[in-house]
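Student: My questions all concern the structure below.
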Amino acid sequence: MPKIKTHSSSKKRFRLTASGKVRFNSAMRRHRLISKTKQAKERNQGTKIMSESDARVIRRHMLPNG
């Protein structure tokens with residue numbers, strides 16, 4: 001049985017928490033920040049927890065080795 005390879009771009013974009021949830025960095029924080037409100041910029045700070053339906057695909061197909 002061949003080994004299952006991890007999706008290379010996924011290991012750069014997602015991290016698994018100790019309880020198995022998927023963390024990811026928020027988008028919309030790279031450029032054109034002058035036109036965005038302070039609240040919009042604060043909302044997109046830091047990392048977020050992915051919804052369970054999307055996280056299932058990441059865990060099963062893209063990060064199978066955890």
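Chain labels follow the order of the structure tokens: the first chain is A, the next B, and so on; residue numbering restarts at 1 in every chain, and ligands are counted from 1 in their shown order.
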Residues within 8 Å of region 8-13 of chain A, please, as a list in words. Count only C-alpha atoms; anything in the same chain fewer than 6 positions from it doesn't count.

Tutor: Phe24, Asn25, Ile58, Met62 and Leu63 of chain A

Student: Mind writing the picked residues with C-alpha atoms as a short mmCIF file (atom, residue, chain, number, x, y, z; two decimals), in the first residue's frame?

Tutor:
data_model
loop_
_atom_site.label_atom_id
_atom_site.label_comp_id
_atom_site.auth_asym_id
_atom_site.auth_seq_id
_atom_site.Cartn_x
_atom_site.Cartn_y
_atom_site.Cartn_z
CA PHE A 24 -6.11 29.35 9.03
CA ASN A 25 -4.95 32.93 8.48
CA ILE A 58 -8.85 19.56 4.69
CA MET A 62 -5.16 17.52 2.17
CA LEU A 63 -3.61 16.83 5.60
#

Student: Looking only at helix (DSSP H, G or I) from DSSP on the backbone, list the matching residues of chain A as number ranges by chain.

Tutor: A: 8-13, 38-43, 52-62

Student: Next, write the just-selected residues to a file, as a compact mmCIF listing (two decimals), in the first residue's frame, keeping C-alpha atoms as the atom set.

Tutor:
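Here's the written file part_34.txt:
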# COMPACT_ATOMS: atom_id res chain seq x y z
CA SER A 8 2.10 20.75 -0.12
CA SER A 9 0.28 24.08 -0.25
CA SER A 10 -2.10 22.99 2.51
CA LYS A 11 0.65 22.39 5.02
CA LYS A 12 1.74 26.00 4.47
CA ARG A 13 -1.79 27.43 4.86
CA LYS A 38 -10.74 49.87 11.13
CA GLN A 39 -13.40 47.36 12.12
CA ALA A 40 -12.91 45.39 8.90
CA LYS A 41 -9.16 45.26 9.45
CA GLU A 42 -9.58 44.16 13.07
CA ARG A 43 -12.07 41.46 12.05
CA GLU A 52 -16.47 21.85 10.43
CA SER A 53 -17.80 21.04 6.94
CA ASP A 54 -14.77 22.67 5.27
CA ALA A 55 -12.34 21.34 7.87
CA ARG A 56 -13.43 17.77 7.15
CA VAL A 57 -12.16 18.08 3.56
CA ILE A 58 -8.85 19.56 4.69
CA ARG A 59 -8.23 16.88 7.29
CA ARG A 60 -9.30 13.95 5.13
CA HIS A 61 -7.79 14.81 1.75
CA MET A 62 -5.16 17.52 2.17

Student: For CA of His31 (chain A) and CA of Phe14 (chain A), quote the distance in Å rounded to one decimal.

Tutor: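 Interatomic distance here is 21.4 Å.
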
Student: At what distance in Å, to one decimal, does CA of Thr6 (chain A) lie from CA of Arg29 (chain A)?

Tutor: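 Distance between the two atoms: 27.1 Å.
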
Student: If you measure from CA of Gln45 (chain A) to CA of His7 (chain A), what distance in Å do you get, rounded to one decimal?

Tutor: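 These two atoms are separated by 25.4 Å.
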
Student: Using DSSP on the backbone, list every residue of region 15-51 of chain A that comes out as strand (DSSP E), and give them as a list in words.

Tutor: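 Strand (DSSP E) members of region 15-51 of chain A, listed: Arg15, Leu16, Val22, Arg23, Phe24, Asn25, Thr47, Lys48 and Ile49 of chain A.
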